[in-house]
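Quick look at upload-v7.tsv (TSV, C-alpha atoms):
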```
chain	number	residue	atom	x	y	z
A	16	MET	CA	209.08	-128.01	151.22
A	17	LEU	CA	208.00	-129.82	154.37
A	18	VAL	CA	207.81	-128.03	157.69
A	19	GLY	CA	207.23	-129.24	161.22
A	20	GLY	CA	207.48	-132.70	162.74
A	21	ALA	CA	207.53	-134.52	159.40
A	22	ALA	CA	210.36	-132.49	157.91
A	23	ALA	CA	213.19	-133.81	160.04
A	24	ALA	CA	212.26	-137.41	159.34
A	25	ILE	CA	212.16	-136.84	155.58
A	26	LEU	CA	215.79	-135.75	155.60
A	27	ILE	CA	216.93	-139.15	156.87
A	28	MET	CA	214.69	-141.32	154.70
A	29	ALA	CA	216.64	-141.20	151.46
A	30	ASP	CA	218.36	-144.59	151.49
A	31	VAL	CA	216.46	-146.34	154.30
A	32	PRO	CA	215.63	-149.95	153.33
A	33	ALA	CA	212.09	-151.20	153.81
A	34	THR	CA	211.75	-153.16	157.04
A	35	ALA	CA	208.08	-154.07	156.85
A	36	SER	CA	205.98	-155.77	154.22
A	37	PRO	CA	202.82	-154.00	153.11
A	38	VAL	CA	199.49	-155.69	153.63
A	39	GLY	CA	198.30	-154.87	150.11
A	40	GLY	CA	199.81	-156.90	147.30
A	41	HIS	CA	199.08	-154.66	144.33
A	42	ASN	CA	202.00	-153.08	142.52
A	43	THR	CA	202.22	-149.47	141.52
A	44	GLY	CA	201.10	-148.89	137.96
A	45	SER	CA	202.55	-146.06	135.90
A	46	ILE	CA	204.99	-143.60	137.46
A	47	SER	CA	205.75	-140.46	135.49
A	48	SER	CA	207.01	-136.94	135.95
A	49	ILE	CA	204.51	-134.08	135.72
A	50	LEU	CA	204.70	-130.29	135.47
A	51	ARG	CA	208.10	-128.67	135.02
A	52	THR	CA	211.41	-129.19	136.75
A	53	GLY	CA	211.38	-127.25	140.01
A	54	ASP	CA	207.59	-127.38	140.42
A	55	VAL	CA	206.61	-129.48	143.46
A	56	VAL	CA	202.97	-130.47	144.01
A	57	THR	CA	201.81	-130.40	147.64
A	58	GLY	CA	198.01	-130.58	147.40
A	59	VAL	CA	195.08	-131.50	145.13
A	60	ARG	CA	191.27	-131.16	144.99
A	61	ARG	CA	188.76	-132.20	142.37
A	62	THR	CA	186.98	-129.50	140.39
A	63	THR	CA	184.60	-129.59	137.37
A	64	ASN	CA	184.74	-131.45	134.06
A	65	GLY	CA	187.18	-134.08	135.26
A	66	ASN	CA	189.80	-131.51	136.17
A	67	VAL	CA	191.75	-131.02	139.37
A	68	VAL	CA	193.39	-128.06	141.05
A	69	LEU	CA	196.98	-128.59	142.17
A	70	THR	CA	198.86	-126.44	144.66
A	71	GLY	CA	202.57	-126.28	145.25
A	72	SER	CA	205.80	-124.40	145.09
A	73	ALA	CA	207.84	-123.18	142.13
A	74	ALA	CA	211.54	-122.40	142.46
A	75	THR	CA	212.51	-118.79	141.82
A	76	GLY	CA	215.75	-116.84	141.47
A	77	SER	CA	218.58	-118.39	143.45
A	78	GLY	CA	216.66	-121.59	144.15
A	79	THR	CA	216.53	-120.87	147.88
A	80	GLN	CA	213.28	-118.97	147.44
A	81	ALA	CA	209.91	-120.27	146.30
A	82	ALA	CA	206.65	-118.92	144.93
A	83	PRO	CA	203.18	-120.49	145.30
A	84	PHE	CA	201.53	-121.93	142.22
A	85	LEU	CA	198.11	-123.13	141.11
A	86	TYR	CA	197.39	-125.53	138.26
A	87	ARG	CA	194.02	-126.48	136.82
A	88	GLY	CA	193.73	-129.32	134.35
A	89	HIS	CA	193.56	-133.08	133.87
A	90	LEU	CA	195.73	-135.20	136.13
A	91	THR	CA	197.51	-137.49	133.69
A	92	SER	CA	201.01	-138.06	132.39
A	93	ALA	CA	200.09	-135.51	129.73
A	94	ALA	CA	200.69	-132.89	132.42
A	95	ALA	CA	204.42	-133.42	131.96
A	96	GLY	CA	205.97	-130.05	131.20
A	97	ALA	CA	202.69	-128.22	131.79
A	98	ALA	CA	202.97	-124.62	132.90
A	99	VAL	CA	201.56	-123.49	136.22
A	100	SER	CA	200.24	-120.12	137.35
A	101	VAL	CA	202.83	-118.63	139.71
A	102	LEU	CA	201.18	-116.18	142.10
A	103	THR	CA	202.58	-113.20	143.98
A	104	PRO	CA	201.07	-112.94	147.46
A	105	SER	CA	199.65	-109.52	148.19
A	106	LEU	CA	201.10	-109.46	151.70
A	107	PRO	CA	203.75	-107.14	153.21
A	108	GLY	CA	207.40	-107.91	152.50
A	109	VAL	CA	206.99	-111.43	151.07
A	110	THR	CA	210.34	-112.98	150.18
A	111	SER	CA	209.30	-116.64	149.74
A	112	ALA	CA	206.01	-118.54	149.86
A	113	THR	CA	204.34	-121.85	149.05
A	114	PHE	CA	200.85	-123.32	148.85
A	115	TYR	CA	200.16	-126.62	150.57
A	116	GLY	CA	196.47	-127.42	150.07
A	117	PRO	CA	193.49	-126.25	147.95
A	118	ASP	CA	189.71	-126.40	148.12
A	119	THR	CA	187.22	-125.77	145.31
A	120	HIS	CA	183.67	-124.70	144.52
A	121	SER	CA	182.84	-128.33	143.77
A	122	PHE	CA	183.11	-129.15	147.49
A	123	ASN	CA	182.23	-125.83	149.14
A	124	PRO	CA	179.99	-123.76	146.84
A	125	THR	CA	178.69	-121.69	149.78
A	126	THR	CA	182.03	-120.04	150.50
A	127	ILE	CA	184.04	-120.50	147.28
A	128	PRO	CA	182.59	-118.76	144.20
A	129	ARG	CA	182.34	-120.71	140.96
A	130	GLY	CA	185.61	-120.62	139.06
A	131	GLU	CA	187.65	-119.70	142.14
A	132	VAL	CA	189.96	-121.62	144.46
A	133	ARG	CA	190.83	-121.36	148.13
A	134	ALA	CA	194.44	-122.29	148.87
A	135	VAL	CA	196.43	-122.21	152.09
A	136	GLY	CA	200.13	-122.19	152.78
A	137	SER	CA	202.89	-120.17	154.37
A	138	TYR	CA	205.19	-117.28	153.57
A	139	GLN	CA	208.34	-115.60	154.79
A	140	SER	CA	208.47	-111.83	155.05
A	141	SER	CA	211.02	-109.09	155.64
A	142	SER	CA	208.23	-107.33	157.58
A	143	ALA	CA	207.72	-110.17	160.05
A	144	PRO	CA	208.34	-109.57	163.77
A	145	ALA	CA	211.86	-110.42	164.94
A	146	GLY	CA	212.39	-114.17	165.08
A	147	VAL	CA	209.26	-115.13	163.15
A	148	LEU	CA	210.20	-117.33	160.19
A	149	ASN	CA	206.93	-118.47	158.62
A	150	GLN	CA	203.42	-117.04	158.70
A	151	GLY	CA	200.26	-118.74	157.48
A	152	MET	CA	198.28	-117.47	154.51
A	153	ILE	CA	194.91	-118.01	152.82
A	154	TYR	CA	194.19	-117.18	149.18
A	155	LEU	CA	190.73	-116.95	147.59
A	156	GLY	CA	190.40	-116.18	143.90
A	157	PRO	CA	190.96	-117.46	140.36
A	158	THR	CA	193.84	-119.79	139.53
A	159	SER	CA	195.52	-116.94	137.67
A	160	GLY	CA	195.80	-114.94	140.90
A	161	SER	CA	194.26	-111.88	139.27
A	162	GLY	CA	191.97	-110.03	141.69
A	163	GLY	CA	192.23	-112.65	144.42
A	164	SER	CA	192.34	-111.87	148.14
A	165	TRP	CA	195.13	-112.78	150.56
A	166	THR	CA	194.86	-113.18	154.33
A	167	SER	CA	197.69	-113.67	156.81
A	168	ILE	CA	197.06	-115.95	159.79
A	169	ASP	CA	199.28	-116.46	162.86
A	170	VAL	CA	198.69	-118.77	165.80
A	171	PRO	CA	198.21	-116.52	168.87
A	172	ALA	CA	200.76	-117.15	171.59
A	173	ASP	CA	198.72	-115.70	174.47
A	174	GLY	CA	195.42	-117.59	174.17
A	175	ALA	CA	193.58	-114.77	172.41
A	176	HIS	CA	190.91	-116.11	170.05
A	177	THR	CA	191.66	-119.73	171.01
A	178	VAL	CA	189.07	-122.24	172.15
A	179	GLY	CA	189.29	-122.47	175.95
A	180	HIS	CA	191.84	-119.62	175.92
A	181	VAL	CA	194.57	-122.24	175.57
A	182	ARG	CA	197.97	-120.57	175.38
A	183	ALA	CA	200.63	-121.71	172.93
A	184	CYS	CA	203.16	-120.00	175.21
A	185	ARG	CA	202.71	-120.59	178.92
A	186	LYS	CA	202.90	-117.53	181.17
A	187	VAL	CA	206.09	-118.82	182.75
A	188	GLN	CA	207.84	-118.94	179.37
A	189	VAL	CA	209.51	-115.55	179.15
A	190	ASN	CA	210.23	-114.30	175.61
A	191	CYS	CA	208.20	-117.13	174.11
A	192	PHE	CA	206.58	-116.49	170.72
A	193	VAL	CA	205.19	-118.45	167.77
A	194	MET	CA	208.03	-118.79	165.29
A	195	ASP	CA	206.16	-120.66	162.53
A	196	THR	CA	202.53	-120.93	161.43
A	197	ILE	CA	202.18	-123.39	158.54
A	198	ALA	CA	198.73	-123.88	156.99
A	199	HIS	CA	198.63	-127.32	155.37
A	200	SER	CA	195.10	-128.02	154.20
A	201	THR	CA	191.59	-126.56	154.06
A	202	MET	CA	188.01	-127.73	153.58
A	203	GLY	CA	184.68	-126.27	154.63
A	204	ASP	CA	185.21	-123.52	157.22
A	205	LEU	CA	188.45	-124.99	158.51
A	206	VAL	CA	192.19	-124.72	157.99
A	207	VAL	CA	194.56	-127.22	159.60
A	208	GLY	CA	198.28	-126.96	160.07
A	209	ASN	CA	201.15	-126.67	162.49
A	210	TYR	CA	203.03	-124.15	164.58
A	211	ASP	CA	206.44	-124.00	166.23
A	212	LEU	CA	207.59	-121.96	169.22
A	213	ASN	CA	210.77	-119.94	169.57
A	214	PRO	CA	213.36	-122.68	170.22
A	215	SER	CA	215.43	-120.46	172.50
A	216	VAL	CA	212.74	-120.66	175.19
A	217	PRO	CA	213.95	-123.04	177.93
A	218	GLY	CA	211.81	-126.14	177.80
A	219	GLY	CA	209.73	-124.53	175.10
A	220	VAL	CA	210.84	-126.35	171.98
A	221	ALA	CA	207.51	-127.50	170.59
A	222	SER	CA	208.06	-128.72	167.07
A	223	GLY	CA	205.10	-129.90	165.05
A	224	ASN	CA	202.22	-128.71	167.20
A	225	ALA	CA	198.86	-128.84	165.41
A	226	PHE	CA	196.09	-126.25	165.04
A	227	ILE	CA	192.62	-125.93	163.56
A	228	TYR	CA	191.57	-122.47	162.43
A	229	ASN	CA	187.89	-121.71	161.90
A	230	MET	CA	187.67	-119.07	159.17
A	231	ALA	CA	184.01	-118.27	159.86
A	232	ARG	CA	184.50	-117.74	163.61
A	233	HIS	CA	188.12	-116.56	163.52
A	234	ARG	CA	188.87	-119.01	166.30
A	235	TRP	CA	191.83	-121.31	166.86
A	236	THR	CA	191.87	-124.78	168.39
A	237	LEU	CA	195.31	-125.93	169.57
A	238	LEU	CA	195.41	-129.70	169.45
A	239	ASP	CA	196.33	-131.51	172.66
A	240	LEU	CA	197.17	-135.20	172.22
A	241	GLY	CA	198.68	-137.22	175.02
A	242	GLY	CA	198.08	-134.41	177.51
A	243	SER	CA	200.56	-132.03	175.90
A	244	LEU	CA	200.80	-129.30	173.27
A	245	SER	CA	204.36	-130.51	172.67
A	246	SER	CA	203.76	-134.08	171.49
A	247	LYS	CA	205.10	-133.43	167.96
A	248	THR	CA	201.60	-133.73	166.55
A	249	THR	CA	200.94	-132.61	162.99
A	250	LEU	CA	197.77	-132.03	160.97
A	251	TYR	CA	198.40	-132.30	157.23
A	252	GLY	CA	195.03	-133.39	155.84
A	253	ILE	CA	191.34	-132.67	156.33
A	254	TRP	CA	188.15	-134.02	154.74
A	255	GLN	CA	184.62	-132.70	155.28
A	256	ASP	CA	182.30	-135.66	155.72
A	257	GLY	CA	178.75	-135.24	154.48
A	258	GLY	CA	178.93	-132.24	152.20
A	259	ASP	CA	179.16	-128.46	152.25
A	260	THR	CA	177.06	-127.80	155.35
A	261	SER	CA	178.19	-130.78	157.43
A	262	PRO	CA	180.01	-130.10	160.73
A	263	ARG	CA	181.78	-133.49	160.60
A	264	TYR	CA	185.40	-133.78	159.49
A	265	THR	CA	188.16	-136.37	159.34
A	266	LEU	CA	191.63	-135.13	160.30
A	267	ALA	CA	194.90	-136.78	159.22
A	268	GLY	CA	198.51	-136.35	160.29
A	269	GLY	CA	201.05	-137.83	162.67
A	270	SER	CA	201.83	-137.76	166.38
A	271	SER	CA	204.42	-138.86	168.91
A	272	ALA	CA	201.89	-138.71	171.75
A	273	ARG	CA	202.38	-142.45	172.32
A	274	GLY	CA	206.10	-142.66	171.74
A	275	THR	CA	207.34	-143.11	168.18
A	276	GLN	CA	205.77	-140.96	165.46
A	277	ARG	CA	202.71	-142.70	164.04
A	278	ALA	CA	200.15	-141.64	161.48
A	279	PHE	CA	196.62	-141.10	162.73
A	280	LEU	CA	193.04	-140.39	161.72
A	281	MET	CA	190.56	-138.65	164.00
A	282	ASN	CA	186.96	-137.46	163.77
A	283	TYR	CA	186.14	-133.84	164.60
A	284	ASN	CA	182.82	-132.01	164.93
A	285	GLU	CA	183.10	-128.33	164.10
A	286	ARG	CA	179.76	-127.45	165.69
A	287	THR	CA	180.40	-129.04	169.09
A	288	GLY	CA	184.20	-128.87	169.10
A	289	THR	CA	184.45	-132.54	170.07
A	290	PHE	CA	187.13	-134.95	168.87
A	291	GLY	CA	186.86	-138.67	168.36
A	292	ARG	CA	189.49	-141.08	169.62
A	293	PRO	CA	192.54	-141.01	167.34
A	294	LYS	CA	193.32	-144.21	165.45
A	295	TYR	CA	197.06	-144.75	165.00
A	296	TYR	CA	198.81	-146.47	162.09
A	297	SER	CA	202.32	-147.64	161.18
A	298	TYR	CA	203.40	-148.65	157.70
A	299	GLY	CA	202.61	-152.26	156.87
A	300	ASN	CA	200.73	-152.59	160.18
A	301	HIS	CA	204.05	-153.37	161.84
A	302	PRO	CA	206.19	-151.21	164.17
A	303	ALA	CA	208.16	-148.51	162.35
A	304	LEU	CA	210.37	-145.69	163.57
A	305	PHE	CA	208.22	-143.14	161.78
A	306	THR	CA	204.94	-143.03	159.83
A	307	HIS	CA	202.98	-139.94	158.83
A	308	PHE	CA	199.88	-139.21	156.72
A	309	ASP	CA	200.35	-136.28	154.33
A	310	GLY	CA	197.12	-136.27	152.32
A	311	ILE	CA	193.59	-137.68	152.36
A	312	THR	CA	190.83	-138.30	149.82
A	313	ALA	CA	187.48	-140.02	150.24
A	314	VAL	CA	186.86	-143.13	148.13
A	315	PRO	CA	184.07	-145.72	148.21
A	316	GLY	CA	184.19	-147.49	151.56
A	317	GLY	CA	186.67	-145.20	153.27
A	318	PHE	CA	189.72	-143.07	152.59
A	319	ASN	CA	192.89	-143.26	150.55
A	320	LEU	CA	195.85	-141.60	152.25
A	321	VAL	CA	199.40	-140.92	151.16
A	322	ALA	CA	202.02	-141.73	153.76
A	323	ILE	CA	205.73	-141.32	154.36
A	324	SER	CA	207.57	-143.72	156.63
A	325	SER	CA	211.00	-144.89	157.75
A	326	ALA	CA	210.01	-148.25	156.26
A	327	GLN	CA	208.77	-146.97	152.88
A	328	ALA	CA	209.48	-143.53	151.45
A	329	ALA	CA	206.02	-143.18	149.90
A	330	SER	CA	202.92	-145.34	150.03
A	331	LEU	CA	199.15	-145.29	149.65
A	332	ALA	CA	197.00	-146.58	152.50
A	333	PHE	CA	193.35	-147.52	152.13
A	334	ILE	CA	191.48	-147.28	155.44
A	335	PRO	CA	187.89	-148.53	155.56
A	336	VAL	CA	185.33	-146.52	157.53
A	337	ASN	CA	182.31	-147.97	159.33
A	338	ALA	CA	179.43	-145.90	157.95
A	339	ARG	CA	177.35	-146.43	161.09
A	340	ASN	CA	179.73	-145.16	163.77
A	341	ARG	CA	182.50	-143.50	161.69
A	342	SER	CA	185.15	-145.80	163.16
A	343	PHE	CA	188.36	-146.49	161.21
A	344	GLY	CA	189.42	-149.99	160.24
A	345	THR	CA	192.70	-151.76	159.49
A	346	ALA	CA	194.85	-150.14	156.80
A	347	ARG	CA	195.86	-151.84	153.56
A	348	TRP	CA	199.18	-150.49	152.30
A	349	TYR	CA	200.50	-150.10	148.77
A	350	PRO	CA	204.14	-149.02	148.32
A	351	ILE	CA	204.93	-146.35	145.74
A	352	ASN	CA	208.26	-147.56	144.37
A	353	VAL	CA	209.52	-144.36	142.79
A	354	ALA	CA	213.12	-145.14	143.74
A	355	THR	CA	213.17	-148.22	141.46
A	356	SER	CA	211.38	-146.49	138.57
A	357	PRO	CA	213.07	-144.98	135.49
A	358	LEU	CA	212.65	-141.54	137.12
A	359	CYS	CA	215.32	-142.56	139.61
A	360	SER	CA	217.73	-144.32	137.29
A	361	GLY	CA	220.84	-144.56	139.44
A	362	ASN	CA	218.79	-143.99	142.61
A	363	CYS	CA	217.10	-140.92	144.10
A	364	ILE	CA	218.41	-139.05	147.11
A	365	ILE	CA	214.90	-138.12	148.29
A	366	VAL	CA	211.39	-139.41	147.56
A	367	THR	CA	208.28	-138.22	149.40
A	368	GLY	CA	204.54	-138.80	149.28
A	369	ASN	CA	202.82	-135.40	149.36
A	370	THR	CA	199.21	-135.73	148.29
A	371	VAL	CA	196.63	-138.14	146.86
A	372	PHE	CA	193.66	-137.94	144.48
A	373	ARG	CA	191.56	-141.09	144.25
A	374	ASN	CA	194.20	-143.77	143.48
A	375	ARG	CA	196.88	-141.38	142.25
A	376	VAL	CA	199.74	-140.27	144.46
A	377	MET	CA	202.04	-137.30	143.96
A	378	GLY	CA	205.25	-136.32	145.68
A	379	LEU	CA	208.71	-134.98	145.07
A	380	TYR	CA	211.82	-136.79	143.92
A	381	ILE	CA	215.43	-135.71	143.50
A	382	PRO	CA	217.57	-137.94	141.27
A	383	ALA	CA	221.06	-138.89	142.42
A	384	ASN	CA	223.76	-136.32	141.68
A	385	SER	CA	221.12	-133.59	141.44
A	386	ILE	CA	219.68	-130.86	143.63
A	387	VAL	CA	216.64	-130.21	141.44
A	388	LEU	CA	213.16	-130.95	142.77
A	389	ASN	CA	210.62	-132.72	140.55
A	390	THR	CA	207.07	-134.02	140.97
A	391	TYR	CA	206.03	-137.59	140.17
A	392	LEU	CA	202.55	-138.97	139.54
A	393	ALA	CA	201.99	-142.62	140.47
A	394	THR	CA	198.86	-144.67	139.82
A	395	VAL	CA	198.04	-147.51	142.21
A	396	SER	CA	196.24	-150.51	140.77
A	397	ARG	CA	192.61	-150.82	141.77
A	398	ARG	CA	192.08	-152.63	145.04
```
So that I can check it, write out the structure of this file as structure tokens.
Amino acid sequence: MLVGGAAAAILIMADVPATASPVGGHNTGSISSILRTGDVVTGVRRTTNGNVVLTGSAATGSGTQAAPFLYRGHLTSAAAGAAVSVLTPSLPGVTSATFYGPDTHSFNPTTIPRGEVRAVGSYQSSSAPAGVLNQGMIYLGPTSGSGGSWTSIDVPADGAHTVGHVRACRKVQVNCFVMDTIAHSTMGDLVVGNYDLNPSVPGGVASGNAFIYNMARHRWTLLDLGGSLSSKTTLYGIWQDGGDTSPRYTLAGGSSARGTQRAFLMNYNERTGTFGRPKYYSYGNHPALFTHFDGITAVPGGFNLVAISSAQAASLAFIPVNARNRSFGTARWYPINVATSPLCSGNCIIVTGNTVFRNRVMGLYIPANSIVLNTYLATVSRR
């Protein structure tokens, strides 16, 4: 379900004890299972009448393949067992696919027609060039999938259509190509995600490199943190600050540009192409082997973010924002204790934090002695 720099860390987080205390003292409220067994929520956006749109992946066939789904409805425990709309991408040779993040007419009425959804993700295809595993995709249409449009996107290796003609593959890297393009989130004109290079290229293993794709200009920006395109930097979340026509965005993800993988927030101006200084975070505001932001939502006074960490499998972080200069403050952390909830009676082998809506966090969990993926919904007490 998770691809890029964050994926490897998730695989070793299952039984890692917490080593840092969160700053926030509030306990998680209700924790319940939603949707059906095998449906994993990866993204959420508000829509009309108190509803939300969820994106994710539904298991198909042998269980090794997946299909993208959309769900529109209220986000409560009543969603337990609710059916989702499983879509079939209209792209050549698709064998497996998933959605990661949605956007709705409520936020971007200029480019998303009323009643429709834009969703981004990735797919695998029997028609892909040799060695290419995942390609990015964009869907625009109704939640049912009927009559919607599908677009394939792939990070260019040779600097074509990139800002500054930055090359993902350097000229000296013979046989280098982009192996994965994973679109994680979208808002406004932008899509953010990650790409990986062919690992057989000497010195060219570049796992978890981040991109921004401008859908209006058909231009790519390859993120360079710490003076390298190979700093294991990921972009998982994006928020458009100031409404539909605003060029200002907040980007969220993780980076090893300064050593250990830390979560970060960063301002970005679409019109000028300028980035603010990244602000780095570790769970509990103490050193941790790994911390990563997976989702972002604006709330009064700042942002709520869902995080995964070596110190806490899933947590919510509230980060205040200075309205005058858009600077990010000190995080307050709230652990999501799924592993000690009735959902994980007898322990869980994996728990993640995937996305957040207001004060509600969603992620996947796999109970002990099981291989079946499920989605939980956790409510964090008001700050």
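Taking CA of Tyr349 (chain A) and CA of Val395 (chain A) as endpoints, the distance between them is 7.5 Å.
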With a cut-off of 12 Å, could you pull out the residues of region 303-397 of chain A touching region 116-140 of chain A and give me the nearest pair of atoms for each, distance in Å to one decimal, using only C-alpha atoms, ordered by chain and ascending number, as CSV?
```
residue,atom,partner,partner_atom,distance
A:Asp309,CA,A:Gly116,CA,10.6
A:Gly310,CA,A:Gly116,CA,9.2
A:Ile311,CA,A:Gly116,CA,10.9
A:Asn369,CA,A:Gly116,CA,10.2
A:Thr370,CA,A:Gly116,CA,8.9
A:Val371,CA,A:Gly116,CA,11.2
```
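Atom to atom, CA of Cys359 (chain A) and CA of Ser324 (chain A) stand 18.7 Å apart.
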Spatial sel., origin (192.0, -124.3, 159.4), limit 10 Å, only C-alpha atoms, listed as a PDB file with C-alpha atoms, in the frame of the given file:
```
ATOM      1  CA  VAL A 135     196.430-122.210 152.090  1.00  0.00           C
ATOM      2  CA  ILE A 153     194.910-118.010 152.820  1.00  0.00           C
ATOM      3  CA  ILE A 168     197.060-115.950 159.790  1.00  0.00           C
ATOM      4  CA  ALA A 198     198.730-123.880 156.990  1.00  0.00           C
ATOM      5  CA  HIS A 199     198.630-127.320 155.370  1.00  0.00           C
ATOM      6  CA  SER A 200     195.100-128.020 154.200  1.00  0.00           C
ATOM      7  CA  THR A 201     191.590-126.560 154.060  1.00  0.00           C
ATOM      8  CA  MET A 202     188.010-127.730 153.580  1.00  0.00           C
ATOM      9  CA  GLY A 203     184.680-126.270 154.630  1.00  0.00           C
ATOM     10  CA  ASP A 204     185.210-123.520 157.220  1.00  0.00           C
ATOM     11  CA  LEU A 205     188.450-124.990 158.510  1.00  0.00           C
ATOM     12  CA  VAL A 206     192.190-124.720 157.990  1.00  0.00           C
ATOM     13  CA  VAL A 207     194.560-127.220 159.600  1.00  0.00           C
ATOM     14  CA  GLY A 208     198.280-126.960 160.070  1.00  0.00           C
ATOM     15  CA  ASN A 209     201.150-126.670 162.490  1.00  0.00           C
ATOM     16  CA  PHE A 226     196.090-126.250 165.040  1.00  0.00           C
ATOM     17  CA  ILE A 227     192.620-125.930 163.560  1.00  0.00           C
ATOM     18  CA  TYR A 228     191.570-122.470 162.430  1.00  0.00           C
ATOM     19  CA  ASN A 229     187.890-121.710 161.900  1.00  0.00           C
ATOM     20  CA  MET A 230     187.670-119.070 159.170  1.00  0.00           C
ATOM     21  CA  HIS A 233     188.120-116.560 163.520  1.00  0.00           C
ATOM     22  CA  ARG A 234     188.870-119.010 166.300  1.00  0.00           C
ATOM     23  CA  TRP A 235     191.830-121.310 166.860  1.00  0.00           C
ATOM     24  CA  THR A 236     191.870-124.780 168.390  1.00  0.00           C
ATOM     25  CA  LEU A 250     197.770-132.030 160.970  1.00  0.00           C
ATOM     26  CA  ILE A 253     191.340-132.670 156.330  1.00  0.00           C
TER      27      ILE A 253
END
```
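Computed from the coordinates, the CA of Ser385 (chain A) to CA of Ile364 (chain A) distance equals 8.3 Å.
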Checklist entry - Within 12 Å of (219.2, -144.9, 141.8), all atoms listed in the file: residues as a VMD selection string? => result chain A and resid 29 to 30 352 to 366 380 to 385
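Here the question is which of A:Asn190, A:Ala313, A:Tyr283, A:Ala346 gets nearest to His301 (chain A) using all atoms listed in the file, and that residue is A:Ala346.
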Next on the checklist: Residues within 9 Å of region 109-115 of chain A, please, as number ranges by chain. Count only C-alpha atoms; anything in the same chain fewer than 3 positions from it doesn't count.
Outcome noted: A: 16, 56-59, 70-73, 75, 79-85, 103-106, 134-142, 149, 152-153, 197-200, 251
Checklist entry - From the set A:Met377, A:Ala74, A:Ala329, A:Val181, which residue has the shortest atom-to-atom contact distance to His307 (chain A), counting all atoms listed in the file? => result A:Ala329
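Comparing A:Gln150, A:Asn300, A:Ser246, A:Asn389 by their smallest distance to Thr166 (chain A), the closest is A:Gln150 (using all atoms listed in the file).
For the residues A:Ala95, A:Ile323, A:Leu244, A:Val336, ranking by smallest atom-to-atom distance to Ser297 (chain A) using all atoms listed in the file places A:Ile323 first.
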Reconstructed N, CA, C and O atoms for region 235-245 of chain A, given as a PDB file, keeping the file's coordinate frame:
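This is the output file rebuild34.pdb:
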```pdb
ATOM      1  N   TRP A 235     190.790-120.295 166.961  1.00  0.00           N
ATOM      2  CA  TRP A 235     191.830-121.310 166.860  1.00  0.00           C
ATOM      3  C   TRP A 235     191.575-122.422 167.876  1.00  0.00           C
ATOM      4  O   TRP A 235     191.189-122.155 169.013  1.00  0.00           O
ATOM      5  N   THR A 236     191.831-123.652 167.477  1.00  0.00           N
ATOM      6  CA  THR A 236     191.870-124.780 168.390  1.00  0.00           C
ATOM      7  C   THR A 236     193.282-125.352 168.345  1.00  0.00           C
ATOM      8  O   THR A 236     193.765-125.730 167.265  1.00  0.00           O
ATOM      9  N   LEU A 237     193.960-125.370 169.486  1.00  0.00           N
ATOM     10  CA  LEU A 237     195.310-125.930 169.570  1.00  0.00           C
ATOM     11  C   LEU A 237     195.191-127.364 170.039  1.00  0.00           C
ATOM     12  O   LEU A 237     194.684-127.637 171.127  1.00  0.00           O
ATOM     13  N   LEU A 238     195.634-128.288 169.202  1.00  0.00           N
ATOM     14  CA  LEU A 238     195.410-129.700 169.450  1.00  0.00           C
ATOM     15  C   LEU A 238     196.281-130.207 170.597  1.00  0.00           C
ATOM     16  O   LEU A 238     197.483-129.924 170.657  1.00  0.00           O
ATOM     17  N   ASP A 239     195.658-130.953 171.480  1.00  0.00           N
ATOM     18  CA  ASP A 239     196.330-131.510 172.660  1.00  0.00           C
ATOM     19  C   ASP A 239     196.150-133.024 172.622  1.00  0.00           C
ATOM     20  O   ASP A 239     195.084-133.543 172.928  1.00  0.00           O
ATOM     21  N   LEU A 240     197.196-133.741 172.190  1.00  0.00           N
ATOM     22  CA  LEU A 240     197.170-135.200 172.220  1.00  0.00           C
ATOM     23  C   LEU A 240     198.183-135.689 173.256  1.00  0.00           C
ATOM     24  O   LEU A 240     199.287-135.159 173.350  1.00  0.00           O
ATOM     25  N   GLY A 241     197.796-136.682 174.004  1.00  0.00           N
ATOM     26  CA  GLY A 241     198.680-137.220 175.020  1.00  0.00           C
ATOM     27  C   GLY A 241     198.899-136.277 176.186  1.00  0.00           C
ATOM     28  O   GLY A 241     199.892-136.389 176.906  1.00  0.00           O
ATOM     29  N   GLY A 242     197.976-135.319 176.383  1.00  0.00           N
ATOM     30  CA  GLY A 242     198.080-134.410 177.510  1.00  0.00           C
ATOM     31  C   GLY A 242     199.114-133.331 177.358  1.00  0.00           C
ATOM     32  O   GLY A 242     199.536-132.711 178.339  1.00  0.00           O
ATOM     33  N   SER A 243     199.515-133.034 176.101  1.00  0.00           N
ATOM     34  CA  SER A 243     200.560-132.030 175.900  1.00  0.00           C
ATOM     35  C   SER A 243     200.361-131.326 174.562  1.00  0.00           C
ATOM     36  O   SER A 243     199.906-131.923 173.589  1.00  0.00           O
ATOM     37  N   LEU A 244     200.744-130.039 174.525  1.00  0.00           N
ATOM     38  CA  LEU A 244     200.800-129.300 173.270  1.00  0.00           C
ATOM     39  C   LEU A 244     202.145-129.514 172.583  1.00  0.00           C
ATOM     40  O   LEU A 244     202.399-128.937 171.532  1.00  0.00           O
ATOM     41  N   SER A 245     203.009-130.306 173.181  1.00  0.00           N
ATOM     42  CA  SER A 245     204.360-130.510 172.670  1.00  0.00           C
ATOM     43  C   SER A 245     204.619-131.974 172.339  1.00  0.00           C
ATOM     44  O   SER A 245     205.705-132.498 172.588  1.00  0.00           O
TER      45      SER A 245
END
```
